[in-house]
Amino acid sequence: MSLLHWNTEIGLCKRAALAMLVLCSFCVAASPAVARDSVSCTRDDDDLLCTVELEDFLNEIRPVLNNGWENLLEFNLMLFEVEDETFVGHNFTELSARCYIDPFDDPCLALWSGSESWQSYEDVDEMILGISNFRLVSQGASELSGRYFAKLTVALNPITDKQADVIRTWLARHRGGHMIIGRSDASIFGTFVSVFANIRSGKAEASKTIDSEVFELP
Amino acid sequence: MTQRCLASTRFSFRLEVFLSTRVSLHCRAEAIALCLILTLMMSLSLASTARAEGDEERQGPRLPDPTYLLEDIEIIGDIKTTRSVVSDLLALELEQEVNVAVLNEARLRLLASGLFETAQFGLEAGSKRGFVVLVVTLEERNSILLSDLFLGSSARSPFWGGFGLVEGNFFGTGHSARMAFVASDEQFAIELGYQVPKLFSTDFSFGVHLHSSASTEWAHPLVARPELGREPFELDTVRLASRLSFGYAFSSAFSLFLDLRNDYLDSSSPFPELTHKLLHNGQSVLSSAILASELDTRDDPIMPRRGLRWHASVEGSSADFLSNYDFLKLLTQLHLAWEFVPGHVLRGFAMAGGIFGDAPYFDRFFVGDFDDLIPSRSLGLNFSARAPIDFFNSGADQLSYETILLAVACEYAIPLLERIDWIYRMEFFVSAGLFAATTPADERSEVQLGLLPSHGPRGAFPFDLSANLGLRVETPIGIFGLSFANALSLIPF
């Protein structure tokens with residue numbers, strides 16, 4: 001399958017929820033493990049359980065997690081068939097984490113998307129330990145059969161679609177738009193190129209992609 | 001859950017967009033002031049809605065967000081942007097009450113300047129309880145970008161080409177500077193521009209644009225002359241132009257501009273009696289003032305998925321005041337984009353313009369700028385002689401520089417690729433449109449300038465079909481289009 005087709009499917013699936021998996025994300029604390037960022041997936045009845053270990057990455061961004069700011073971590077897990085790397089589905093969740101600078105407040109809090117309450121930690125090290133091991137649960141695994149691998153992308157404070165839109169709108173006024181007459185893109189090889197080109201969602205302050213081992217679903 | 005939440009807020013935003021569209025369509029020349037006021041009110045409404053959207057990123061429980069007093073701002077990073085520019089963009093006062101929500105708006109302002117790749121915020125304890133130091137870690141983006149790329153071939157000019165560059169952060173000031181040129185074996189143009197987006201840290205902007213060109217247009221007599229027959233002759237023009245632009249941004253989406261323009265022109269025509277309606281022979285001066293309003297809520301200027309751009313302008317030049325030309329030019333344009341199902345975008349374009357008086361030919365509506373099937377002008381110069389096809393036998397193949405124009409077009413686009421390495425986005429598009437243009441018979445010149453004329457009947461308001469299809473690719477260095485129209489402009493006929 002061509003690269004072009006591969007990405008088309010991603011784009012459509014993200015927007016139209018074409019993925020075979022019914023995306024349902026919740027997190028379960030897993031047992032602490034030796035620090036080595038990894039993703040491993042197994043089947044549990046109708047669910048696909050992917051255990052994520054991220055201690056290395058979280059330690060790399062430790063100064064950011066401890067900077068008093070509310071930081072957002074986005075986790076995007078994509079499932080592919082091994083043979084032709086066909087995209088099968090994805091699971092998405094996010095985590096808000098903050099270590100407060102005021103010593104009279106709770107030092108560090110972490111809130112998973114979909115959760116009704118946050119978890120509290122004594123310091124940033126305890127928070128990293130607490131959030132570095134978790135499981136992503138995806139429904140619909142009973143419809144899958146064959147050899148697969150998962151790709152997890154974790155992004156720190158990515159620019160969201162909404163933020164990118166706001167940024168693009170603000171940029172509009174800086175380009176002398178009132179002088180543009182006509183459709184502005186009629187010339188050869190796209191005569192119009194601009195700073196807009198560099199504004200896109202998804203750009204993060206730090207990110208990491210981890211591939212799982214190949215696993216087989218009966 | 002987040003995705004559903006965002007979709008619902010976008011929907012309410014769209015309702016207001018359509019409301020303002022309807023009003024702008026009914027704008028008439030004599031009601032420009034009323035339209036401007038209405039547009040201003042609506043754009044303010046749009047801006048507040050957009051702010052509300054920005055605040056409403058996520059729903060459900062949030063982490064506590066205590067308020068502190070801002071003690072100091074520390075800027076970290078190997079950047080050329082001056083501290084004063086960063087401070088202006090942050091727009092924060094010392095001892096101001098801040099929390100993450102407030103500071104996130106400041107972060108967006110920094111990113112929206114286009115100067116920084118990332119803006120990481122952190123908080124450190126201040127000298128007293130309740131006070132904080134804001135730590136801003138900045139990474140600048142490459143601010144030198146390709147703004148134009150010209151390449152073409154025609155029977156008249158075997159090759160023409162050029163490019164433009166923009167430095168978006170000139171010496172770290174946050175100002176932008178632009179240079180562009182295009183040349184062929186017989187014509188050239190160069191443009192320089194300098195833009196101050198926030199004059200003295202206010203919402204006023206200022207720009208200066210310089211243009212210099214030496215052009216040669218072929219003039220084709222429409223009626224055989226005893227001394228000439230129908231042999232074309234050259235109209236040579238040297239143009240030195242300057243334009244000062246003053247703007248005020250009422251919101252992120254709506255701005256007003258007042259431009260003052262001054263052109264020095266030197267033209268040479270072997271038959272000035274045939275070209276005097278197009279350009280004064282010899283030396284002349286054109287001075288004009290332009291009042292323009294611009295409402296732009298699109299998420300992208302070239303590949304928008306939603307939003308609109310509405311533009312209206314009035315340009316006037318009086319022979320009684322520092323000018324040899326007497327004309328009034330009215331122009332309005334509307335661009336609409338609507339992602340009617342995810343990944344499928346419909347775009348619309350409409351334009352109407354009229355010129356009353358003796359505007360020089362290069363200020364008139366050139367048919368190539370609206371017909372995708374013939375090359376458009378580059379930096380104001382026409383390099384091709386190809387006439388429109390005239391699908392409807394209405395006389396559109398006799399159009400060139402006209403004084404009245406109506407154009408509508410629609411486009412259907414399907415995104416193909418997203419976020420892969422050096423391609424941010426790629427889309428396939430197909431478009432079709434109709435345009436109609438004319439010049440009243442008593443104002444029409446005895447020659448057709450630029451494009452090869454046909455000598456068939458010409459209706460009162462010739463109209464024609466325009467169509468295009470191709471790909472657009474958004475990359476780290478810009479947006480590139482590869483289309484049927486591009487290919488046509490490379491074929492020298």
# chains A, B, ... in the order shown; residues from 1 in each chain; ligands from 1
$ residues_around --residues "Arg472 in chain B" --least-positions-apart "5" --cutoff "6 Å" --atoms "only C-alpha atoms" --output "PyMOL selection string"
chain B and resi 426-427+480-481
$ interface_residues --of "chain B" --to "chain A" --cutoff "7 Å" --atoms "only C-alpha atoms" --output "PyMOL selection string"
chain B and resi 54+61+108+111-114+118+121-125+145-152+197+252-253+292+294+297-300+311+342-343+369-370+372+376+416-418+474-482+486
$ select_by_dssp --residues "range 44-151 of chain A" --states "helix (DSSP H, G or I)" --output "list in words"
Glu55, Asp56, Phe57, Leu58, Asn59, Glu60, Arg62, Pro63, Val64, Leu65, Val124, Asp125, Glu126, Met127, Ile128, Leu129, Gly130, Ile131, Ala141, Ser142 and Glu143 of chain A
$ select_by_dssp --residues "range 42-96 of chain A" --states "strand (DSSP E or B)" --output "VMD selection string"
chain A and resid 42 to 44 47 to 53 71 to 81 87 to 96
$ residues_around --residues "range 147-154 of chain A" --least-positions-apart "6" --cutoff "6 Å" --atoms "only C-alpha atoms" --output "PDB file with N, CA and C atoms, in the first residue's frame"
ATOM      1  N   GLU A  74      -0.276  14.191  25.661  1.00  0.00           N
ATOM      2  CA  GLU A  74      -1.224  13.490  24.787  1.00  0.00           C
ATOM      3  C   GLU A  74      -0.645  12.142  24.401  1.00  0.00           C
ATOM      4  N   PHE A  75      -1.469  11.124  24.502  1.00  0.00           N
ATOM      5  CA  PHE A  75      -1.044   9.770  24.143  1.00  0.00           C
ATOM      6  C   PHE A  75      -1.920   9.292  22.981  1.00  0.00           C
ATOM      7  N   ASN A  76      -1.280   8.962  21.885  1.00  0.00           N
ATOM      8  CA  ASN A  76      -2.007   8.492  20.709  1.00  0.00           C
ATOM      9  C   ASN A  76      -1.463   7.121  20.330  1.00  0.00           C
ATOM     10  N   LEU A  77      -2.286   6.107  20.512  1.00  0.00           N
ATOM     11  CA  LEU A  77      -1.861   4.735  20.228  1.00  0.00           C
ATOM     12  C   LEU A  77      -2.519   4.281  18.933  1.00  0.00           C
ATOM     13  N   MET A  78      -1.699   3.890  17.964  1.00  0.00           N
ATOM     14  CA  MET A  78      -2.235   3.434  16.679  1.00  0.00           C
ATOM     15  C   MET A  78      -1.875   1.965  16.475  1.00  0.00           C
ATOM     16  N   LEU A  79      -2.833   1.244  15.904  1.00  0.00           N
ATOM     17  CA  LEU A  79      -2.654  -0.193  15.692  1.00  0.00           C
ATOM     18  C   LEU A  79      -2.550  -0.461  14.192  1.00  0.00           C
ATOM     19  N   PHE A  80      -1.552  -1.269  13.814  1.00  0.00           N
ATOM     20  CA  PHE A  80      -1.327  -1.569  12.393  1.00  0.00           C
ATOM     21  C   PHE A  80      -1.225  -3.077  12.187  1.00  0.00           C
ATOM     22  N   GLU A  81      -1.645  -3.514  11.015  1.00  0.00           N
ATOM     23  CA  GLU A  81      -1.347  -4.883  10.610  1.00  0.00           C
ATOM     24  C   GLU A  81       0.117  -4.962  10.213  1.00  0.00           C
ATOM     25  N   VAL A  82       0.745  -6.075  10.493  1.00  0.00           N
ATOM     26  CA  VAL A  82       2.178  -6.189  10.239  1.00  0.00           C
ATOM     27  C   VAL A  82       2.467  -6.273   8.745  1.00  0.00           C
ATOM     28  N   SER A 207       8.328  15.221  22.237  1.00  0.00           N
ATOM     29  CA  SER A 207       7.499  14.081  21.840  1.00  0.00           C
ATOM     30  C   SER A 207       8.366  12.839  21.693  1.00  0.00           C
ATOM     31  N   LYS A 208       7.720  11.700  21.696  1.00  0.00           N
ATOM     32  CA  LYS A 208       8.434  10.430  21.536  1.00  0.00           C
ATOM     33  C   LYS A 208       7.473   9.426  20.920  1.00  0.00           C
ATOM     34  N   THR A 209       8.017   8.610  20.025  1.00  0.00           N
ATOM     35  CA  THR A 209       7.224   7.552  19.405  1.00  0.00           C
ATOM     36  C   THR A 209       7.844   6.205  19.740  1.00  0.00           C
ATOM     37  N   ILE A 210       7.008   5.293  20.157  1.00  0.00           N
ATOM     38  CA  ILE A 210       7.482   3.965  20.570  1.00  0.00           C
ATOM     39  C   ILE A 210       6.682   2.913  19.813  1.00  0.00           C
ATOM     40  N   ASP A 211       7.398   1.972  19.209  1.00  0.00           N
ATOM     41  CA  ASP A 211       6.740   0.839  18.543  1.00  0.00           C
ATOM     42  C   ASP A 211       6.720  -0.359  19.483  1.00  0.00           C
ATOM     43  N   SER A 212       5.631  -1.078  19.456  1.00  0.00           N
ATOM     44  CA  SER A 212       5.566  -2.300  20.256  1.00  0.00           C
ATOM     45  C   SER A 212       6.204  -3.454  19.487  1.00  0.00           C
ATOM     46  N   VAL A 214       5.845  -7.071  17.705  1.00  0.00           N
ATOM     47  CA  VAL A 214       4.729  -7.659  16.957  1.00  0.00           C
ATOM     48  C   VAL A 214       3.999  -8.661  17.847  1.00  0.00           C
ATOM     49  N   PHE A 215       2.687  -8.591  17.814  1.00  0.00           N
ATOM     50  CA  PHE A 215       1.908  -9.547  18.606  1.00  0.00           C
ATOM     51  C   PHE A 215       0.812 -10.147  17.727  1.00  0.00           C
ATOM     52  N   GLU A 216       0.361 -11.299  18.131  1.00  0.00           N
ATOM     53  CA  GLU A 216      -0.604 -12.031  17.311  1.00  0.00           C
ATOM     54  C   GLU A 216      -1.935 -12.136  18.046  1.00  0.00           C
TER      55      GLU A 216
END
$ residues_around --residues "Ser384 in chain B" --least-positions-apart "6" --cutoff "7 Å" --atoms "only C-alpha atoms" --output "ChimeraX atom specification"
/B:154,156-157,375
$ residues_around --residues "range 344-346 of chain B" --least-positions-apart "2" --cutoff "10 Å" --atoms "only C-alpha atoms" --output "PyMOL selection string"
chain B and resi 303-306+336-342+348+410-415+427+429+431
$ closest_residue --among "A:Asp125, A:Asp84, A:Asp47, A:Glu55" --to "Gln139 in chain A" --atoms "only C-alpha atoms"
A:Asp47
$ atom_distance --atom1 "CA of Ala359 in chain B" --atom2 "CA of Glu227 in chain B"
27.9 Å
$ residues_around --residues "range 462-470 of chain B" --least-positions-apart "5" --cutoff "10 Å" --atoms "only C-alpha atoms" --output "number ranges by chain"
A: 186; B: 370-374, 388-399, 405-413, 427-439, 481-487
$ write_last_selection --atoms "C-alpha atoms" --output "compact mmCIF listing (two decimals), in the first residue's frame"
# COMPACT_ATOMS: atom_id res chain seq x y z
CA ALA A 186 -3.50 31.11 -9.55
CA PHE B 370 -9.73 35.55 -12.96
CA ASP B 371 -9.55 32.92 -15.69
CA ASP B 372 -7.58 29.89 -14.54
CA LEU B 373 -7.10 28.80 -18.14
CA ILE B 374 -4.76 31.65 -19.05
CA PRO B 388 -9.74 33.35 -23.00
CA ILE B 389 -11.30 30.36 -24.76
CA ASP B 390 -14.82 31.87 -25.02
CA PHE B 391 -16.83 28.69 -24.46
CA PHE B 392 -20.13 30.52 -24.96
CA ASN B 393 -19.28 32.68 -27.99
CA SER B 394 -20.06 35.77 -26.00
CA GLY B 395 -16.93 37.64 -27.03
CA ALA B 396 -14.89 36.72 -23.96
CA ASP B 397 -11.89 36.12 -26.21
CA GLN B 398 -11.81 39.90 -26.75
CA LEU B 399 -11.41 40.71 -23.07
CA LEU B 405 -15.99 42.57 -13.54
CA LEU B 406 -18.21 39.94 -11.95
CA ALA B 407 -16.79 36.56 -11.00
CA VAL B 408 -18.06 33.55 -9.08
CA ALA B 409 -16.36 30.22 -8.52
CA CYS B 410 -16.69 27.17 -6.37
CA GLU B 411 -14.20 24.53 -5.44
CA TYR B 412 -14.36 21.07 -3.94
CA ALA B 413 -11.29 19.87 -2.09
CA GLU B 427 -5.25 18.16 -1.02
CA PHE B 428 -6.82 17.45 -4.37
CA PHE B 429 -9.12 20.14 -5.68
CA VAL B 430 -11.42 20.70 -8.62
CA SER B 431 -12.92 24.11 -9.31
CA ALA B 432 -15.19 25.79 -11.79
CA GLY B 433 -16.38 29.33 -12.15
CA LEU B 434 -17.96 31.94 -14.32
CA PHE B 435 -16.69 35.42 -14.92
CA ALA B 436 -18.09 38.31 -16.90
CA ALA B 437 -16.28 41.51 -17.74
CA THR B 438 -16.66 44.48 -19.97
CA THR B 439 -15.76 48.09 -20.58
CA GLY B 481 0.18 24.14 -6.20
CA LEU B 482 0.46 21.74 -9.10
CA SER B 483 -2.55 22.07 -11.32
CA PHE B 484 -3.94 21.90 -14.80
CA ALA B 485 -3.77 25.69 -14.97
CA ASN B 486 -0.10 25.61 -13.96
CA ALA B 487 0.64 23.18 -16.77
$ atom_distance --atom1 "CA of Thr403 in chain B" --atom2 "CA of Ser242 in chain B"
23.0 Å
$ residues_around --residues "Leu449 in chain B" --least-positions-apart "2" --cutoff "7 Å" --atoms "only C-alpha atoms" --output "list in words"
Glu217, Trp218, Ala219, His220, Ser400, Val447 and Leu451 of chain B
$ write_last_selection --atoms "C-alpha atoms" --output "compact mmCIF listing (two decimals), in the first residue's frame"
# COMPACT_ATOMS: atom_id res chain seq x y z
CA GLU B 217 2.46 45.37 -23.70
CA TRP B 218 1.45 44.60 -27.25
CA ALA B 219 -1.37 46.82 -28.51
CA HIS B 220 -3.54 45.21 -31.16
CA SER B 400 -8.14 41.94 -21.61
CA VAL B 447 -6.65 48.77 -29.32
CA LEU B 451 -3.93 39.51 -25.30
$ atom_distance --atom1 "CA of Trp310 in chain B" --atom2 "CA of Tyr248 in chain B"
16.1 Å
